[in-house]
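One file, protein07.csv, carrying CSV, C-alpha atoms and all ligand atoms:
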```
chain,number,residue,atom,x,y,z
A,1,MET,CA,-1.7,14.3,-18.2
A,2,SER,CA,0.8,11.7,-19.4
A,3,THR,CA,-0.7,8.5,-20.9
A,4,MET,CA,2.6,6.6,-20.6
A,5,PRO,CA,2.3,3.4,-18.7
A,6,SER,CA,4.0,3.5,-15.4
A,7,ILE,CA,5.8,0.5,-14.0
A,8,LEU,CA,7.6,0.2,-10.7
A,9,LEU,CA,10.2,-2.6,-10.5
A,10,VAL,CA,11.1,-3.4,-6.9
A,11,GLY,CA,13.9,-5.5,-5.6
A,12,LEU,CA,13.4,-6.6,-2.0
A,13,GLY,CA,16.1,-8.0,0.3
A,14,GLY,CA,19.6,-9.0,-0.7
A,15,ALA,CA,18.7,-11.5,-3.5
A,16,GLY,CA,15.9,-9.3,-4.9
A,17,CYS,CA,18.0,-6.2,-5.0
A,18,GLY,CA,20.8,-8.1,-6.6
A,19,MET,CA,18.6,-9.5,-9.4
A,20,VAL,CA,16.9,-6.2,-10.1
A,21,SER,CA,20.1,-4.1,-10.1
A,22,ARG,CA,21.7,-6.5,-12.6
A,23,ILE,CA,19.0,-5.8,-15.2
A,24,ALA,CA,18.2,-2.2,-14.4
A,25,LYS,CA,20.6,-0.9,-17.0
A,26,ASN,CA,18.7,-2.3,-19.9
A,27,LEU,CA,15.2,-1.2,-19.0
A,28,PRO,CA,13.0,1.3,-20.8
A,29,SER,CA,12.8,4.7,-19.2
A,30,VAL,CA,9.1,4.2,-18.2
A,31,VAL,CA,10.3,1.7,-15.6
A,32,ARG,CA,11.2,3.1,-12.2
A,33,VAL,CA,13.6,1.0,-10.2
A,34,ALA,CA,13.5,0.8,-6.4
A,35,LEU,CA,15.7,-1.3,-4.1
A,36,ILE,CA,14.4,-1.9,-0.6
A,37,ASP,CA,16.3,-3.5,2.3
A,38,THR,CA,17.2,-3.0,5.9
A,39,ASP,CA,20.8,-3.8,5.0
A,40,ALA,CA,22.7,-0.6,3.9
A,41,SER,CA,25.5,-2.7,2.3
A,42,ILE,CA,23.0,-4.1,-0.3
A,43,LEU,CA,21.8,-0.7,-1.3
A,44,ASN,CA,24.7,0.5,-3.5
A,45,THR,CA,22.6,2.0,-6.3
A,46,THR,CA,23.9,2.9,-9.7
A,47,ASP,CA,22.3,5.4,-12.1
A,48,GLY,CA,18.5,5.2,-12.4
A,49,GLN,CA,17.9,3.2,-9.2
A,50,GLU,CA,16.6,4.5,-5.9
A,51,ALA,CA,17.4,3.0,-2.6
A,52,PHE,CA,15.1,2.7,0.4
A,53,GLN,CA,16.7,1.7,3.5
A,54,ILE,CA,14.0,0.7,5.9
A,55,GLY,CA,13.8,-0.2,9.6
A,56,ARG,CA,16.9,1.7,10.5
A,57,PRO,CA,16.2,1.9,14.3
A,58,LEU,CA,15.5,-1.9,14.3
A,59,THR,CA,18.6,-3.2,12.6
A,60,ARG,CA,21.0,-0.2,12.7
A,61,GLY,CA,21.5,-0.6,8.9
A,62,MET,CA,22.3,-4.3,9.0
A,63,GLY,CA,20.3,-7.3,7.7
A,64,THR,CA,17.5,-9.0,9.7
A,65,ALA,CA,19.7,-12.0,10.5
A,66,GLY,CA,17.1,-14.2,8.9
A,67,GLU,CA,14.3,-13.0,11.3
A,68,VAL,CA,11.0,-12.8,9.4
A,69,ALA,CA,9.4,-10.7,12.3
A,70,VAL,CA,12.1,-8.1,11.8
A,71,GLY,CA,11.6,-7.9,8.1
A,72,LEU,CA,7.8,-7.3,8.7
A,73,ALA,CA,8.5,-4.8,11.4
A,74,ALA,CA,10.9,-2.9,9.1
A,75,VAL,CA,8.1,-2.5,6.5
A,76,GLU,CA,5.6,-1.4,9.1
A,77,ALA,CA,8.1,1.1,10.5
A,78,ASP,CA,8.5,2.9,7.2
A,79,GLU,CA,5.0,2.3,5.8
A,80,PRO,CA,4.3,6.0,5.1
A,81,THR,CA,7.4,6.3,2.9
A,82,LEU,CA,6.6,3.1,1.1
A,83,ARG,CA,3.0,4.1,0.5
A,84,ARG,CA,4.3,7.2,-1.2
A,85,LEU,CA,6.7,5.2,-3.3
A,86,PHE,CA,3.9,2.8,-4.6
A,87,ASN,CA,1.5,5.6,-5.4
A,88,GLY,CA,0.4,6.1,-9.0
A,89,TYR,CA,1.8,3.0,-10.8
A,90,SER,CA,-0.4,0.8,-12.9
A,91,LEU,CA,2.0,-2.2,-12.7
A,92,VAL,CA,4.3,-3.1,-9.8
A,93,VAL,CA,6.8,-6.0,-10.4
A,94,MET,CA,8.4,-7.2,-7.2
A,95,VAL,CA,11.4,-9.5,-7.1
A,96,THR,CA,12.6,-11.2,-3.9
A,97,GLY,CA,14.4,-14.2,-2.6
A,98,LEU,CA,12.4,-16.0,0.0
A,99,GLY,CA,14.0,-17.8,3.0
A,100,GLY,CA,15.8,-14.9,4.7
A,101,GLY,CA,14.2,-12.3,7.0
A,102,MET,CA,13.7,-9.3,4.7
A,103,GLY,CA,12.1,-11.0,1.7
A,104,SER,CA,10.0,-13.5,3.7
A,105,GLY,CA,8.8,-10.9,6.2
A,106,GLY,CA,8.4,-7.9,3.9
A,107,ALA,CA,7.1,-9.3,0.6
A,108,ALA,CA,3.4,-9.7,1.5
A,109,PRO,CA,3.0,-6.4,3.4
A,110,LEU,CA,4.8,-4.6,0.5
A,111,ALA,CA,2.5,-6.3,-2.1
A,112,SER,CA,-0.4,-5.3,0.0
A,113,ILE,CA,0.7,-1.6,0.0
A,114,ALA,CA,0.9,-1.9,-3.8
A,115,LEU,CA,-2.6,-3.4,-4.0
A,116,ASP,CA,-4.0,-0.6,-1.9
A,117,ALA,CA,-2.4,1.9,-4.3
A,118,GLY,CA,-4.4,0.3,-7.1
A,119,ALA,CA,-1.6,-1.3,-9.0
A,120,THR,CA,-1.6,-4.7,-10.7
A,121,VAL,CA,1.0,-6.6,-8.7
A,122,LEU,CA,3.2,-9.3,-10.3
A,123,SER,CA,5.7,-10.9,-7.9
A,124,PHE,CA,8.7,-13.1,-8.6
A,125,ALA,CA,9.9,-15.1,-5.7
A,126,THR,CA,12.8,-17.6,-5.4
A,127,ILE,CA,12.5,-20.6,-3.1
A,128,PRO,CA,15.8,-21.6,-1.3
A,129,PHE,CA,17.9,-24.5,-2.5
A,130,SER,CA,17.2,-27.7,-0.5
A,131,HIS,CA,20.7,-27.6,0.9
A,132,GLU,CA,20.0,-24.3,2.6
A,133,GLY,CA,18.2,-26.1,5.3
A,134,GLU,CA,14.7,-26.7,6.8
A,135,ARG,CA,14.3,-23.3,8.4
A,136,ARG,CA,14.8,-21.2,5.3
A,137,LYS,CA,12.5,-23.6,3.4
A,138,ARG,CA,9.8,-23.2,6.0
A,139,GLN,CA,10.1,-19.5,6.1
A,140,ALA,CA,9.9,-19.3,2.4
A,141,THR,CA,6.8,-21.6,2.2
A,142,GLU,CA,4.9,-19.6,4.8
A,143,ALA,CA,5.9,-16.3,3.1
A,144,LEU,CA,4.7,-17.7,-0.2
A,145,GLU,CA,1.2,-18.4,1.0
A,146,LYS,CA,0.9,-14.8,2.3
A,147,LEU,CA,2.4,-13.3,-0.8
A,148,ALA,CA,0.1,-15.3,-3.2
A,149,VAL,CA,-3.1,-13.7,-1.9
A,150,LYS,CA,-1.6,-10.2,-2.2
A,151,SER,CA,-0.3,-10.6,-5.8
A,152,HIS,CA,-2.3,-10.7,-9.0
A,153,GLY,CA,0.4,-12.9,-10.4
A,154,LEU,CA,3.0,-14.9,-8.4
A,155,VAL,CA,5.9,-16.5,-10.3
A,156,VAL,CA,7.6,-19.0,-8.1
A,157,VAL,CA,11.2,-19.8,-9.1
A,158,GLU,CA,12.6,-22.9,-7.4
A,159,ASN,CA,16.3,-22.4,-7.0
A,160,ASP,CA,16.7,-26.3,-7.1
A,161,LEU,CA,15.1,-26.4,-10.5
A,162,LEU,CA,17.3,-23.7,-11.8
A,163,ALA,CA,20.4,-25.5,-10.5
A,164,LEU,CA,19.5,-28.4,-12.7
A,165,GLN,CA,20.4,-26.2,-15.6
A,166,VAL,CA,24.0,-25.8,-14.5
A,167,ALA,CA,26.6,-28.7,-14.2
A,168,ALA,CA,26.1,-30.8,-11.0
A,169,ASP,CA,29.5,-29.7,-9.6
A,170,ALA,CA,28.9,-26.0,-10.3
A,171,SER,CA,29.5,-23.6,-7.5
A,172,LEU,CA,26.6,-22.0,-5.6
A,173,SER,CA,27.4,-18.6,-7.2
A,174,ALA,CA,27.1,-20.3,-10.7
A,175,ALA,CA,23.7,-21.7,-9.7
A,176,PHE,CA,22.6,-18.3,-8.5
A,177,SER,CA,23.8,-16.8,-11.7
A,178,ALA,CA,21.7,-19.3,-13.7
A,179,ALA,CA,18.7,-18.3,-11.5
A,180,ASP,CA,19.4,-14.6,-12.0
A,181,GLU,CA,19.9,-15.0,-15.8
A,182,TRP,CA,16.5,-16.6,-16.1
A,183,ILE,CA,14.7,-14.0,-14.0
A,184,ALA,CA,16.6,-11.2,-15.7
A,185,GLY,CA,15.6,-12.5,-19.1
A,186,SER,CA,12.0,-12.8,-18.1
A,187,LEU,CA,11.9,-9.3,-16.7
A,188,ARG,CA,13.6,-7.8,-19.7
A,189,ALA,CA,11.1,-9.6,-21.9
A,190,LEU,CA,8.2,-8.2,-19.9
A,191,ALA,CA,9.7,-4.7,-19.9
A,192,SER,CA,9.8,-4.9,-23.7
A,193,VAL,CA,6.0,-4.6,-23.6
A,194,PHE,CA,6.5,-1.0,-22.6
A,195,THR,CA,9.2,-0.1,-25.1
A,196,PRO,CA,8.0,2.4,-27.7
A,197,GLY,CA,7.8,1.3,-31.4
A,198,ALA,CA,6.8,-2.3,-30.9
A,199,LEU,CA,6.1,-4.5,-33.9
A,200,VAL,CA,2.9,-5.8,-32.3
A,201,PRO,CA,2.1,-3.3,-29.5
A,202,VAL,CA,0.3,-4.3,-26.4
A,203,ASP,CA,-2.2,-2.1,-24.6
A,204,PRO,CA,-0.8,-2.1,-21.0
A,205,ALA,CA,-4.4,-1.9,-19.7
A,206,ALA,CA,-5.1,-5.2,-21.5
A,207,LEU,CA,-2.3,-6.8,-19.5
A,208,LYS,CA,-4.5,-6.2,-16.5
A,209,THR,CA,-7.1,-8.5,-18.0
A,210,ILE,CA,-4.6,-11.4,-18.0
A,211,LEU,CA,-3.9,-11.0,-14.3
A,212,GLU,CA,-7.4,-10.3,-13.1
A,213,LYS,CA,-7.6,-11.4,-9.6
A,214,PRO,CA,-5.1,-11.7,-6.7
A,215,GLY,CA,-4.4,-15.3,-5.8
A,216,SER,CA,-4.9,-16.8,-9.3
A,217,PRO,CA,-2.4,-19.5,-10.1
A,218,THR,CA,0.2,-18.0,-12.4
A,219,LEU,CA,2.0,-19.6,-15.3
A,220,PHE,CA,5.3,-18.0,-16.3
A,221,SER,CA,7.9,-19.3,-18.7
A,222,TYR,CA,10.7,-18.0,-20.7
A,223,GLY,CA,12.7,-19.4,-23.6
A,224,VAL,CA,15.5,-18.2,-25.9
A,225,GLY,CA,16.4,-19.3,-29.5
A,226,GLU,CA,19.2,-18.3,-31.8
A,227,GLY,CA,19.9,-18.6,-35.6
A,228,SER,CA,17.5,-19.8,-38.2
A,229,GLY,CA,14.0,-20.5,-36.8
A,230,ALA,CA,15.0,-18.7,-33.6
A,231,ALA,CA,11.4,-17.7,-32.7
A,232,LEU,CA,10.2,-21.3,-32.9
A,233,ILE,CA,13.2,-22.6,-31.0
A,234,ALA,CA,12.5,-19.9,-28.3
A,235,ALA,CA,8.8,-20.9,-28.2
A,236,LYS,CA,9.6,-24.6,-27.8
A,237,ALA,CA,12.1,-23.8,-25.1
A,238,ALA,CA,9.5,-21.8,-23.2
A,239,CYS,CA,7.1,-24.8,-23.5
A,240,ASP,CA,9.7,-27.2,-22.2
A,241,SER,CA,11.3,-25.0,-19.6
A,242,SER,CA,11.7,-26.9,-16.3
A,243,LEU,CA,10.2,-23.8,-14.6
A,244,ALA,CA,6.9,-24.4,-16.3
A,245,HIS,CA,6.9,-28.0,-15.1
A,246,GLY,CA,8.0,-27.7,-11.4
A,247,PRO,CA,6.0,-28.9,-8.5
A,248,GLY,CA,2.7,-27.0,-8.3
A,249,ALA,CA,3.2,-25.5,-11.8
A,250,ILE,CA,0.0,-25.0,-13.8
A,251,THR,CA,0.0,-26.3,-17.3
A,252,LYS,CA,-3.2,-24.9,-18.8
A,253,VAL,CA,-4.5,-21.4,-18.5
A,254,GLY,CA,-7.6,-19.5,-19.6
A,255,SER,CA,-5.7,-16.2,-20.3
A,256,LEU,CA,-2.4,-16.0,-21.9
A,257,PHE,CA,0.1,-13.2,-22.7
A,258,VAL,CA,3.0,-14.0,-25.0
A,259,GLN,CA,5.8,-11.4,-25.6
A,260,VAL,CA,8.2,-12.2,-28.4
A,261,THR,CA,11.3,-10.0,-28.6
A,262,GLY,CA,13.9,-10.4,-31.4
A,263,GLY,CA,16.6,-8.8,-33.5
A,264,LEU,CA,16.1,-7.0,-36.9
A,265,ASN,CA,15.4,-10.2,-38.8
A,266,MET,CA,12.3,-11.1,-36.7
A,267,SER,CA,9.1,-10.7,-38.6
A,268,ALA,CA,5.5,-10.5,-37.3
A,269,THR,CA,4.9,-13.9,-38.9
A,270,ASP,CA,7.7,-15.4,-36.7
A,271,ALA,CA,6.0,-14.0,-33.7
A,272,PHE,CA,2.6,-15.4,-34.7
A,273,GLU,CA,4.1,-18.8,-35.3
A,274,ALA,CA,5.7,-18.7,-31.8
A,275,VAL,CA,2.4,-17.8,-30.2
A,276,SER,CA,0.6,-20.6,-31.9
A,277,ILE,CA,3.1,-23.1,-30.4
A,278,ILE,CA,2.6,-21.6,-27.0
A,279,ARG,CA,-1.2,-21.7,-27.3
A,280,LYS,CA,-1.1,-25.4,-28.2
A,281,LYS,CA,0.9,-26.1,-25.1
A,282,PHE,CA,-0.7,-23.8,-22.5
A,283,GLY,CA,-4.2,-22.9,-23.8
A,284,GLY,CA,-5.4,-19.3,-23.7
A,285,GLU,CA,-8.9,-19.9,-24.9
A,286,LYS,CA,-10.4,-17.1,-22.9
A,287,THR,CA,-7.9,-14.4,-24.0
A,288,THR,CA,-4.6,-14.5,-25.8
A,289,LEU,CA,-2.5,-11.3,-26.0
A,290,LEU,CA,0.5,-11.1,-28.2
A,291,GLY,CA,3.2,-8.5,-28.0
A,292,ALA,CA,6.2,-8.4,-30.4
A,293,CYS,CA,9.2,-6.1,-30.2
A,294,VAL,CA,12.3,-5.7,-32.2
A,295,LYS,CA,15.6,-4.8,-30.5
A,296,PRO,CA,18.5,-4.6,-32.9
A,297,GLU,CA,21.0,-5.5,-30.1
A,298,LEU,CA,19.5,-9.0,-29.9
A,299,GLY,CA,21.0,-9.9,-33.4
A,300,ASP,CA,19.7,-13.4,-34.4
A,301,ARG,CA,18.4,-14.1,-30.9
A,302,VAL,CA,14.7,-14.3,-30.0
A,303,GLU,CA,13.3,-14.3,-26.5
A,304,VAL,CA,9.8,-15.5,-25.7
A,305,ALA,CA,8.1,-14.8,-22.3
A,306,VAL,CA,4.8,-16.4,-21.4
A,307,LEU,CA,2.5,-15.1,-18.7
A,308,GLY,CA,-0.8,-16.7,-17.9
A,309,ALA,CA,-3.4,-17.0,-15.3
A,310,SER,CA,-6.2,-19.4,-14.6
A,311,MET,CA,-9.1,-18.8,-12.3
A,312,PRO,CA,-8.3,-18.5,-8.6
A,313,VAL,CA,-8.2,-21.8,-6.7
A,314,PRO,CA,-11.1,-21.8,-4.2
A,315,LYS,CA,-10.1,-21.3,-0.5
A,316,PRO,CA,-10.1,-24.6,1.5
A,317,ALA,CA,-13.5,-25.4,2.7
A,318,ALA,CA,-14.0,-24.9,6.5
A,319,LYS,CA,-13.7,-28.2,8.3
A,320,THR,CA,-17.2,-29.4,9.0
A,321,LYS,CA,-16.5,-32.1,11.5
A,322,LYS,CA,-13.5,-33.4,13.2
A,323,GLY,CA,-11.0,-35.0,10.8
A,324,ALA,CA,-12.9,-33.9,7.7
A,325,LYS,CA,-10.5,-32.4,5.1
A,326,GLY,CA,-10.9,-29.1,3.2
A,327,ALA,CA,-9.8,-28.7,-0.4
A,328,ASP,CA,-6.1,-28.7,-0.9
A,329,ILE,CA,-5.2,-25.2,-2.3
A,330,ASN,CA,-2.0,-26.6,-3.8
A,331,GLN,CA,-3.7,-29.2,-5.9
A,332,PRO,CA,-3.0,-29.1,-9.6
A,333,LEU,CA,-5.7,-27.6,-11.7
A,334,PHE,CA,-7.5,-30.1,-13.8
A,335,VAL,CA,-8.1,-29.4,-17.4
A,336,PHE,CA,-11.4,-30.7,-18.7
A,337,ALA,CA,-11.0,-32.9,-21.7
A,338,THR,CA,-12.9,-31.8,-24.8
A,339,ASP,CA,-14.9,-34.2,-26.9
A,340,GLU,CA,-12.2,-33.9,-29.6
A,341,SER,CA,-9.4,-34.8,-27.1
A,342,ILE,CA,-11.3,-37.8,-25.9
A,343,ARG,CA,-11.9,-39.0,-29.5
A,344,ARG,CA,-8.3,-38.5,-30.5
A,345,GLY,CA,-6.8,-39.8,-27.3
A,346,ILE,CA,-3.0,-39.5,-27.1
A,347,PHE,CA,-3.0,-38.1,-30.7
A,348,GLY,CA,-5.0,-35.1,-29.5
A,349,ASN,CA,-2.1,-32.7,-30.0
A,350,THR,CA,-0.8,-34.0,-33.3
A,351,PRO,CA,-1.8,-32.9,-36.8
A,352,LEU,CA,-4.7,-34.7,-38.3
A,353,THR,CA,-3.9,-37.8,-40.4
A,354,PHE,CA,-6.7,-38.4,-42.9
A,355,ARG,CA,-7.1,-41.5,-45.1
A,356,ASP,CA,-10.1,-42.1,-47.3
A,357,GLY,CA,-11.8,-39.2,-45.4
A,358,GLU,CA,-11.3,-40.8,-42.0
A,359,ASP,CA,-9.0,-39.5,-39.2
A,360,VAL,CA,-7.0,-42.7,-38.6
A,361,ASP,CA,-5.7,-41.5,-35.2
A,362,VAL,CA,-9.2,-42.1,-33.9
A,363,PRO,CA,-9.5,-45.7,-32.8
A,364,THR,CA,-11.4,-47.9,-35.3
A,365,TYR,CA,-14.1,-48.9,-32.7
A,366,ILE,CA,-15.0,-45.3,-32.3
A,367,ARG,CA,-14.9,-44.4,-36.0
A,368,ARG,CA,-17.1,-47.5,-36.8
A,369,SER,CA,-19.3,-47.0,-33.7
A,370,VAL,CA,-18.6,-50.6,-32.7
A,371,ARG,CA,-20.3,-51.4,-29.4
A,372,LEU,CA,-17.9,-52.9,-26.9
A,373,THR,CA,-19.1,-55.6,-24.6
A,374,PRO,CA,-17.2,-56.5,-21.4
A,375,ALA,CA,-15.3,-59.8,-21.6
A,376,SER,CA,-17.1,-62.5,-19.6
B,401,LIG,N1,18.5,-16.4,-7.4
B,401,LIG,C1,19.2,-15.9,-6.3
B,401,LIG,N2,18.9,-16.3,-5.1
B,401,LIG,C2,19.6,-15.8,-4.1
B,401,LIG,C3,20.7,-15.0,-4.2
B,401,LIG,N3,21.2,-14.7,-3.0
B,401,LIG,C4,20.4,-15.3,-2.1
B,401,LIG,N4,19.4,-16.0,-2.8
B,401,LIG,C5,18.3,-16.7,-2.2
B,401,LIG,O1,17.5,-15.8,-1.5
B,401,LIG,C6,17.2,-16.3,-0.1
B,401,LIG,C7,17.1,-15.1,0.8
B,401,LIG,O2,18.4,-14.5,0.9
B,401,LIG,P1,18.6,-12.9,1.0
B,401,LIG,O3,17.9,-12.2,-0.1
B,401,LIG,O4,20.1,-12.7,1.2
B,401,LIG,O5,17.8,-12.6,2.4
B,401,LIG,P2,17.1,-11.3,2.8
B,401,LIG,O6,15.7,-11.3,2.3
B,401,LIG,O7,18.0,-10.1,2.5
B,401,LIG,O8,17.0,-11.4,4.4
B,401,LIG,P3,18.1,-11.2,5.5
B,401,LIG,O9,19.4,-11.1,4.8
B,401,LIG,O10,18.0,-12.4,6.4
B,401,LIG,O11,17.8,-9.9,6.2
B,401,LIG,C8,18.4,-17.2,0.1
B,401,LIG,O12,18.0,-18.2,1.0
B,401,LIG,C9,18.7,-17.8,-1.2
B,401,LIG,O13,17.9,-18.9,-1.5
B,401,LIG,C10,21.1,-14.7,-5.6
B,401,LIG,O14,22.1,-14.0,-5.8
B,401,LIG,N5,20.3,-15.2,-6.6
B,402,MG,MG,19.9,-9.6,3.4
```
Please re-express this file's structure in structure tokens.
Amino acid sequence: MSTMPSILLVGLGGAGCGMVSRIAKNLPSVVRVALIDTDASILNTTDGQEAFQIGRPLTRGMGTAGEVAVGLAAVEADEPTLRRLFNGYSLVVMVTGLGGGMGSGGAAPLASIALDAGATVLSFATIPFSHEGERRKRQATEALEKLAVKSHGLVVVENDLLALQVAADASLSAAFSAADEWIAGSLRALASVFTPGALVPVDPAALKTILEKPGSPTLFSYGVGEGSGAALIAAKAACDSSLAHGPGAITKVGSLFVQVTGGLNMSATDAFEAVSIIRKKFGGEKTTLLGACVKPELGDRVEVAVLGASMPVPKPAAKTKKGAKGADINQPLFVFATDESIRRGIFGNTPLTFRDGEDVDVPTYIRRSVRLTPAS
């Protein structure tokens, strides 16, 4: 029996299929690529990709016209085929643009089929631009809630945030390209994990320990560096990426996976330095897993992808009496301060500065144990 890891990369709906097919050429052969949509015009596959046109009697090969119920019905109509498709993969990565009918209606039931098949499910979903209107936004938000509980990891990519990375007067297609480039880079970096001959190999089974439970808040970031110190530049870019700081983004995680991919000049030391920067920023006290891979075609470029998960946020408590509020499932996770971070205050993340054996970043009244009395 083959011990090769098996990954299924799925593009769902127009945006999802577009993003996946643009990167499909550069993926290792252990990744199987499937494009799923009701819309036959989207499913023009090239080598190595398989197309699954679903819900044919419902839409006669067209899109869902933005109808979530039709997207859902299309998945249900072809469930037996889809169950066969998902069977036997240890990792399923699904990419979709939420807001239309196919992605918003089909993402959660598809993820559910993947879960049933025993796969670890990592979903990437884009949220529509604000200027696409209220309806798309609402459909996306509702779909996101359903998708979150069916995915071990859910990476939410706000198209608005991605647009900030292109000029203000850039066209919509330029903004989409920026979004796609970011997602494509992230997926390529993830796929490197499964490329044979890695500098620091990762046991794919260990990846499962990072994304333990469906519904855990997921951190994902990606950065690129070039030239001298490329690994450090890429690690800092991943720390500062607007995607890791968007609304609802989590900033500290218990479990962390860092994949560093670079050209021939990249050493294991570069990768270790990159991972230490990422750890300082995002945590990873419970588990940190590093993967490093050399790809000569990257030249002096290094790409860093960061994937992390914290514990699942508890479900909102049932309302006890009229008007009483349950927990807000979207609240940011609080990171408990350690004694050391309290002692060093805003200098908590800086190198220690010792003079005469004392850490001078710690306020004098704490170093000297001066008892403070309230002003009268
Ligand atoms: N990043 C990115 N997002 C896109 C692109 N095209 C569309 N989107 C986003 O994805 C959302 C869903 O659009 P589609 O993927 O075309 O919709 P669909 O899921 O195919 O559903 P229907 O076409 O309504 O059946 C849109 O509202 C956009 O926000 C793209 O090329 N790149
Ligand atoms: Mg479509």
What are the closest atom pairs, with distances in Å to one decimal, for each residue of chain A lying within 6 Å of ligand LIG 401 (chain B), using all atoms listed in the file, rows by chain and rising residue number, as JSON lines?
```
{"residue": "A:Gly13", "atom": "CA", "partner": "B:LIG401", "partner_atom": "O7", "distance": 3.6}
{"residue": "A:Gly14", "atom": "CA", "partner": "B:LIG401", "partner_atom": "O3", "distance": 3.7}
{"residue": "A:Ala15", "atom": "CA", "partner": "B:LIG401", "partner_atom": "O3", "distance": 3.6}
{"residue": "A:Gly16", "atom": "CA", "partner": "B:LIG401", "partner_atom": "O3", "distance": 6.0}
{"residue": "A:Gly63", "atom": "CA", "partner": "B:LIG401", "partner_atom": "O11", "distance": 3.9}
{"residue": "A:Thr64", "atom": "CA", "partner": "B:LIG401", "partner_atom": "O11", "distance": 3.6}
{"residue": "A:Ala65", "atom": "CA", "partner": "B:LIG401", "partner_atom": "O10", "distance": 4.5}
{"residue": "A:Gly66", "atom": "CA", "partner": "B:LIG401", "partner_atom": "O10", "distance": 3.2}
{"residue": "A:Gly97", "atom": "CA", "partner": "B:LIG401", "partner_atom": "O1", "distance": 3.7}
{"residue": "A:Leu98", "atom": "CA", "partner": "B:LIG401", "partner_atom": "C6", "distance": 4.8}
{"residue": "A:Gly99", "atom": "CA", "partner": "B:LIG401", "partner_atom": "O12", "distance": 4.5}
{"residue": "A:Gly100", "atom": "CA", "partner": "B:LIG401", "partner_atom": "O8", "distance": 3.7}
{"residue": "A:Gly101", "atom": "CA", "partner": "B:LIG401", "partner_atom": "O10", "distance": 3.8}
{"residue": "A:Met102", "atom": "CA", "partner": "B:LIG401", "partner_atom": "O6", "distance": 3.7}
{"residue": "A:Gly103", "atom": "CA", "partner": "B:LIG401", "partner_atom": "O6", "distance": 3.7}
{"residue": "A:Ile127", "atom": "CA", "partner": "B:LIG401", "partner_atom": "O13", "distance": 5.9}
{"residue": "A:Pro128", "atom": "CA", "partner": "B:LIG401", "partner_atom": "O13", "distance": 3.4}
{"residue": "A:Phe129", "atom": "CA", "partner": "B:LIG401", "partner_atom": "O13", "distance": 5.7}
{"residue": "A:Phe176", "atom": "CA", "partner": "B:LIG401", "partner_atom": "N5", "distance": 4.3}
{"residue": "A:Ala179", "atom": "CA", "partner": "B:LIG401", "partner_atom": "N1", "distance": 4.5}
{"residue": "A:Asp180", "atom": "CA", "partner": "B:LIG401", "partner_atom": "N1", "distance": 5.0}
```
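One distance worth recording is that between CA of Ser192 (chain A) and CA of Ala206 (chain A), which is 15.1 Å.
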Exercise. When distances are computed from only C-alpha atoms and all ligand atoms, which of A:Leu199, A:Cys17, A:Ala24, A:Ala175 shows the smallest separation from ligand MG 402 (chain B)?
Worked result: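 Using only C-alpha atoms and all ligand atoms, the shortest distance to ligand MG 402 (chain B) belongs to A:Cys17.
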Requested in this report: Have a look at A:Gln49, A:Thr81, A:Ser104, A:Ser112 and name the one nearest to ligand MG 402 (chain B); count only C-alpha atoms and all ligand atoms.
Outcome: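 Comparing A:Gln49, A:Thr81, A:Ser104, A:Ser112 against ligand MG 402 (chain B), the winner is A:Ser104.
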- request: Write out as a PyMOL selection string the residues lying within 12 Å of Thr269 (chain A), counting all atoms listed in the file and excluding same-chain residues fewer than 3 positions away.
  value: chain A and resi 199-200+229+231-232+260+265-266+272-276+290+292
What separates CA of Val95 (chain A) and CA of Thr288 (chain A) is a distance of 25.1 Å
Quiz item: What's the 10 Å shell around Gly299 (chain A), counting all atoms listed in the file, without same-chain residues fewer than 6 positions away, as number ranges by chain?
Solution: A: 226-227, 262-266
Margin query: At a cut-off of 8 Å, using only C-alpha atoms, what residues contact Asn87 (chain A)? Leave out same-chain residues fewer than 4 positions from it and give the result as a ChimeraX atom specification.
Written below: /A:83,114,117
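Between CA of Leu211 (chain A) and CA of Ile277 (chain A) the interatomic distance comes to 21.3 Å.
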